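Right, one structure below, let's go through it.
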Amino acid sequence: MDASPTQSTWDAIRGKVESGQRLDAAEGEFLFREDVDLHVVGQLANLARRRKNDRLAYYNINAHVNPTNVCIYRCRLCAYSRDPGEPGAYVMSDEDILAQADEAERAGCTELHLVGGLHPDKPFDWYLGIVRRLHAAFPRMSLKAWTAVEIARFAELSGLSVRAVLERLIEAGLACMPGGGAEIFDAGVREQICPRKAGAQTWLDVHRAAHRLGLRTNATMLYGHVETAAQRIDHLLRLRALQDETGGFLAFVPLSFHPEGTILAHLPRTSSFDDLRTVAVSRLMLDNFDHVKAYWISLGLGTAQTALAYGADDLDGTVRQEKIHHEAGATVPEGLSVAQLRRLIEETGHEPVERDTFYRRVLRNAGKWKPEP
Ligand code: SF4
């Protein structure tokens, strides 16, 4: 690749994107260069986005439940976790979890997003029981639960294989897995930001096992801390390779790092330029992912909205009671109304589409909902 952003480099990349060919690692790194025009990268990403999702922009009506913030790993990137007994540490009771889910169902939620800490005293059965009780009480809500890091820990705790853990969770009512815990796959980066929890290979193996059982999952990348552009591209390429193998990922979610309240608080926040470039490059590199989210809690409302023109096609959801990013200084609200989400989308000229967990259009009538057949 040339040392400067020459016309021939651009022509090669544009030609590949227009003809639907795959970009390689060097081209991805080129697109991350600060002297490469962000708006041109965005235009190319928008081309790829329009090819997959035309002018549709998705959102869902969902809620987050975080049963505990007590966690054995205490990652350096995390502002949310606590030690047992530390001020602010909490463990939700079954009644509180069910009450929060009940409130979500009354608000029309189609999905519950369940993630949290790995409590030193809670066995796998505690986490399994949460899924079982929620599914029994609210069978129509999709339970998107437990990151690959949590699943790997459940396997350690229970002595079961990852596959057996997943089978039990599916039998209890698990519908889908979130994509958290991926951070940046590079081992040297993980050593600096999350040295104790499951590594890249485990994360990928858990998702591979889930996909083989028919469970769809999401994928994330936490960027904007100590990683390089090359390490971001390496991360995206490892996800692309697994998607080639299984086809099990629903969406990719780039998450900007919020340093406030973490051991890495001395690091600056990412700029909107970096956020938009990361969304755009992700869209261009992940040609086998149908959806790229602009998660408004992480990006902020203005950048998330703008990202719809830089490759993203999904703003995520109403969320309600988000805790993890807010502990790290997120200044957005803890939830948005449907009207607010739809307005954010309409202002960009896209068509808002309420989706369920699996990107089926949701049809609502007289307070009832069903996915489009
Ligand atoms: S990032 Fe997740 S695994 Fe790490 S300390 Fe926080 S809750 Fe625990």
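Naming scheme: A, B, ... for chains in displayed order of the structure tokens; residues 1 onward per chain; ligands 1 onward as shown.
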Show me a table, sorted first by chain and then by increasing residue number, of the residues of chain A having an atom at most 7 Å from ligand 1, each with its shortest atom pair and the distance in Å to one decimal, counting only C-alpha atoms and all ligand atoms and written as a tab-separated table.
residue	atom	partner	partner_atom_place_in_ligand_line	distance
A:Asn69	CA	ligand 1	7 (S)	6.3
A:Cys71	CA	ligand 1	8 (Fe)	4.7
A:Ile72	CA	ligand 1	8 (Fe)	6.5
A:Tyr73	CA	ligand 1	5 (S)	4.7
A:Arg74	CA	ligand 1	5 (S)	3.7
A:Cys75	CA	ligand 1	5 (S)	4.1
A:Leu77	CA	ligand 1	1 (S)	6.5
A:Cys78	CA	ligand 1	6 (Fe)	4.6
A:Ala79	CA	ligand 1	6 (Fe)	7.0
A:Tyr80	CA	ligand 1	6 (Fe)	5.8
A:Ser81	CA	ligand 1	6 (Fe)	4.9
A:Gly116	CA	ligand 1	7 (S)	5.4
A:Gly117	CA	ligand 1	7 (S)	4.1
A:Leu118	CA	ligand 1	8 (Fe)	6.1
A:Val149	CA	ligand 1	3 (S)	6.7
A:Gly181	CA	ligand 1	2 (Fe)	6.6
A:Cys194	CA	ligand 1	4 (Fe)	6.5
A:Lys197	CA	ligand 1	3 (S)	6.2
If you keep N, CA and C atoms, can you produce a file of those selected residues as a PDB file, in the first residue's frame?
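As written to disk, out29.pdb reads:
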ATOM      1  N   ASN A  69     -23.399  -6.484  40.013  1.00  0.00           N
ATOM      2  CA  ASN A  69     -22.165  -5.830  39.529  1.00  0.00           C
ATOM      3  C   ASN A  69     -20.943  -6.360  40.275  1.00  0.00           C
ATOM      4  N   CYS A  71     -18.011  -8.756  40.659  1.00  0.00           N
ATOM      5  CA  CYS A  71     -17.337  -9.532  39.612  1.00  0.00           C
ATOM      6  C   CYS A  71     -15.918  -9.899  40.047  1.00  0.00           C
ATOM      7  N   ILE A  72     -15.582 -11.152  39.849  1.00  0.00           N
ATOM      8  CA  ILE A  72     -14.256 -11.642  40.232  1.00  0.00           C
ATOM      9  C   ILE A  72     -13.145 -11.079  39.350  1.00  0.00           C
ATOM     10  N   TYR A  73     -13.466 -10.597  38.159  1.00  0.00           N
ATOM     11  CA  TYR A  73     -12.402 -10.252  37.217  1.00  0.00           C
ATOM     12  C   TYR A  73     -11.859  -8.837  37.387  1.00  0.00           C
ATOM     13  N   ARG A  74     -12.681  -7.897  37.803  1.00  0.00           N
ATOM     14  CA  ARG A  74     -12.267  -6.503  38.020  1.00  0.00           C
ATOM     15  C   ARG A  74     -11.365  -5.992  36.883  1.00  0.00           C
ATOM     16  N   CYS A  75     -11.886  -6.068  35.671  1.00  0.00           N
ATOM     17  CA  CYS A  75     -11.112  -5.636  34.493  1.00  0.00           C
ATOM     18  C   CYS A  75     -10.734  -4.163  34.614  1.00  0.00           C
ATOM     19  N   LEU A  77     -10.692  -2.061  32.358  1.00  0.00           N
ATOM     20  CA  LEU A  77     -11.549  -1.244  31.501  1.00  0.00           C
ATOM     21  C   LEU A  77     -12.917  -0.970  32.119  1.00  0.00           C
ATOM     22  N   CYS A  78     -13.206  -1.562  33.280  1.00  0.00           N
ATOM     23  CA  CYS A  78     -14.588  -1.626  33.770  1.00  0.00           C
ATOM     24  C   CYS A  78     -14.825  -0.643  34.911  1.00  0.00           C
ATOM     25  N   ALA A  79     -15.838   0.204  34.750  1.00  0.00           N
ATOM     26  CA  ALA A  79     -16.230   1.114  35.829  1.00  0.00           C
ATOM     27  C   ALA A  79     -17.422   0.565  36.603  1.00  0.00           C
ATOM     28  N   TYR A  80     -17.958  -0.513  36.129  1.00  0.00           N
ATOM     29  CA  TYR A  80     -19.232  -1.023  36.637  1.00  0.00           C
ATOM     30  C   TYR A  80     -19.047  -2.007  37.799  1.00  0.00           C
ATOM     31  N   SER A  81     -17.983  -2.810  37.755  1.00  0.00           N
ATOM     32  CA  SER A  81     -17.872  -3.923  38.708  1.00  0.00           C
ATOM     33  C   SER A  81     -17.429  -3.452  40.095  1.00  0.00           C
ATOM     34  N   GLY A 116     -23.988  -9.123  33.338  1.00  0.00           N
ATOM     35  CA  GLY A 116     -23.586  -8.557  34.625  1.00  0.00           C
ATOM     36  C   GLY A 116     -22.224  -9.056  35.025  1.00  0.00           C
ATOM     37  N   GLY A 117     -21.983  -9.042  36.329  1.00  0.00           N
ATOM     38  CA  GLY A 117     -20.705  -9.491  36.838  1.00  0.00           C
ATOM     39  C   GLY A 117     -20.711 -10.975  37.156  1.00  0.00           C
ATOM     40  N   LEU A 118     -19.513 -11.509  37.382  1.00  0.00           N
ATOM     41  CA  LEU A 118     -19.388 -12.915  37.797  1.00  0.00           C
ATOM     42  C   LEU A 118     -19.132 -12.942  39.293  1.00  0.00           C
ATOM     43  N   VAL A 149     -17.750 -14.466  27.944  1.00  0.00           N
ATOM     44  CA  VAL A 149     -16.923 -14.516  29.161  1.00  0.00           C
ATOM     45  C   VAL A 149     -17.712 -15.187  30.288  1.00  0.00           C
ATOM     46  N   GLY A 181     -17.680  -8.642  25.920  1.00  0.00           N
ATOM     47  CA  GLY A 181     -16.512  -9.388  26.384  1.00  0.00           C
ATOM     48  C   GLY A 181     -15.440  -9.571  25.326  1.00  0.00           C
ATOM     49  N   CYS A 194      -7.805  -6.213  30.396  1.00  0.00           N
ATOM     50  CA  CYS A 194      -8.668  -7.219  31.039  1.00  0.00           C
ATOM     51  C   CYS A 194      -7.886  -8.529  31.174  1.00  0.00           C
ATOM     52  N   LYS A 197      -9.844 -12.181  32.533  1.00  0.00           N
ATOM     53  CA  LYS A 197     -11.005 -12.905  31.995  1.00  0.00           C
ATOM     54  C   LYS A 197     -10.656 -13.659  30.707  1.00  0.00           C
TER      55      LYS A 197
END
All helix (DSSP H, G or I) positions in segment 59-287 of chain A, as a ChimeraX atom specification: /A:94-106,124-137,148-158,162-172,187-193,200-212,229-246,272-285
Neighbour list for segment 308-314 of chain A as a PyMOL selection string, cut-off 10 Å, only C-alpha atoms, skip fewer than 6 positions in-chain: chain A and resi 38-50+52-60+251-254+275-284+290-296+344-345+348-350+352-355+359
Given only C-alpha atoms as the counted atoms, nearest of A:Pro259, A:Leu301, A:Asp205, A:Met285 to Ser272 of chain A: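 Comparing A:Pro259, A:Leu301, A:Asp205, A:Met285 against Ser272 of chain A, the winner is A:Leu301.
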Each residue of segment 179-247 of chain A with at least one atom at most 9 Å from segment 13-25 of chain A should appear once, together with its nearest atom pair and the corresponding distance in Å (one decimal); atoms considered: only C-alpha atoms; ordering: chain, then increasing residue number; output as a tab-separated table.
residue	atom	partner	partner_atom	distance
A:Ala230	CA	A:Ala25	CA	7.9
A:Ile233	CA	A:Ala25	CA	6.4
A:Asp234	CA	A:Ala25	CA	7.4
A:Leu237	CA	A:Ala25	CA	7.7
Store the residues of this selection in a file with C-alpha atoms, as a short mmCIF file (atom, residue, chain, number, x, y, z; two decimals), in the first residue's frame.
data_model
loop_
_atom_site.label_atom_id
_atom_site.label_comp_id
_atom_site.auth_asym_id
_atom_site.auth_seq_id
_atom_site.Cartn_x
_atom_site.Cartn_y
_atom_site.Cartn_z
CA ALA A 230 -3.89 -2.73 13.06
CA ILE A 233 -8.48 -4.60 11.90
CA ASP A 234 -7.15 -7.90 13.28
CA LEU A 237 -10.90 -10.02 10.49
#
Top pick for closest residue to Ala182 of chain A, considering A:Val319, A:Leu31, A:Leu239, A:Ala104 and counting only C-alpha atoms: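 Of A:Val319, A:Leu31, A:Leu239, A:Ala104, the one nearest Ala182 of chain A is A:Leu239, counting only C-alpha atoms.
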All residues 12 Å or closer to Glu95 of chain A, only C-alpha atoms, same chain fewer than 2 positions away omitted, as a PyMOL selection string: chain A and resi 67+91-93+97-102+130+133-134+137
Given the selection you just returned, output its residues as a file containing N, CA and C atoms, formatted as a PDB file, in the first residue's frame.
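As written to disk, part_38.pdb reads:
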ATOM      1  N   PRO A  67     -28.106  -8.282  36.758  1.00  0.00           N
ATOM      2  CA  PRO A  67     -28.451  -8.851  38.062  1.00  0.00           C
ATOM      3  C   PRO A  67     -27.433  -8.575  39.170  1.00  0.00           C
ATOM      4  N   VAL A  91     -26.617  -7.150  44.473  1.00  0.00           N
ATOM      5  CA  VAL A  91     -27.091  -8.393  43.854  1.00  0.00           C
ATOM      6  C   VAL A  91     -28.606  -8.288  43.843  1.00  0.00           C
ATOM      7  N   MET A  92     -29.213  -8.381  42.684  1.00  0.00           N
ATOM      8  CA  MET A  92     -30.676  -8.275  42.624  1.00  0.00           C
ATOM      9  C   MET A  92     -31.318  -9.574  43.116  1.00  0.00           C
ATOM     10  N   SER A  93     -32.443  -9.424  43.807  1.00  0.00           N
ATOM     11  CA  SER A  93     -33.210 -10.608  44.203  1.00  0.00           C
ATOM     12  C   SER A  93     -34.013 -11.099  43.001  1.00  0.00           C
ATOM     13  N   ILE A  97     -35.645  -8.866  39.903  1.00  0.00           N
ATOM     14  CA  ILE A  97     -35.414  -9.174  38.484  1.00  0.00           C
ATOM     15  C   ILE A  97     -36.753  -9.363  37.767  1.00  0.00           C
ATOM     16  N   LEU A  98     -37.654 -10.122  38.408  1.00  0.00           N
ATOM     17  CA  LEU A  98     -38.962 -10.360  37.786  1.00  0.00           C
ATOM     18  C   LEU A  98     -39.759  -9.063  37.689  1.00  0.00           C
ATOM     19  N   ALA A  99     -39.632  -8.201  38.718  1.00  0.00           N
ATOM     20  CA  ALA A  99     -40.372  -6.927  38.686  1.00  0.00           C
ATOM     21  C   ALA A  99     -39.861  -6.048  37.545  1.00  0.00           C
ATOM     22  N   GLN A 100     -38.546  -6.048  37.342  1.00  0.00           N
ATOM     23  CA  GLN A 100     -37.980  -5.228  36.263  1.00  0.00           C
ATOM     24  C   GLN A 100     -38.437  -5.765  34.898  1.00  0.00           C
ATOM     25  N   ALA A 101     -38.488  -7.096  34.793  1.00  0.00           N
ATOM     26  CA  ALA A 101     -38.942  -7.702  33.536  1.00  0.00           C
ATOM     27  C   ALA A 101     -40.428  -7.433  33.312  1.00  0.00           C
ATOM     28  N   ASP A 102     -41.193  -7.455  34.379  1.00  0.00           N
ATOM     29  CA  ASP A 102     -42.631  -7.186  34.272  1.00  0.00           C
ATOM     30  C   ASP A 102     -42.866  -5.765  33.757  1.00  0.00           C
ATOM     31  N   ILE A 130     -32.131 -17.667  36.639  1.00  0.00           N
ATOM     32  CA  ILE A 130     -32.665 -16.362  36.200  1.00  0.00           C
ATOM     33  C   ILE A 130     -33.310 -16.507  34.821  1.00  0.00           C
ATOM     34  N   ARG A 133     -36.597 -18.682  35.128  1.00  0.00           N
ATOM     35  CA  ARG A 133     -37.747 -17.989  35.733  1.00  0.00           C
ATOM     36  C   ARG A 133     -38.280 -16.888  34.807  1.00  0.00           C
ATOM     37  N   LEU A 134     -37.366 -16.165  34.184  1.00  0.00           N
ATOM     38  CA  LEU A 134     -37.822 -15.093  33.285  1.00  0.00           C
ATOM     39  C   LEU A 134     -38.587 -15.669  32.098  1.00  0.00           C
ATOM     40  N   ALA A 137     -42.029 -16.796  33.138  1.00  0.00           N
ATOM     41  CA  ALA A 137     -42.960 -15.703  33.446  1.00  0.00           C
ATOM     42  C   ALA A 137     -43.281 -14.849  32.212  1.00  0.00           C
TER      43      ALA A 137
END
Between atom CA of Gly247 of chain A and atom CA of His211 of chain A, distance in Å (one decimal): 7.7 Å
Thr270 of chain A surroundings by only C-alpha atoms, 10 Å radius, close-in-sequence under 2 positions cut, as a PyMOL selection string: chain A and resi 223-225+256-259+267-268+272-275+299
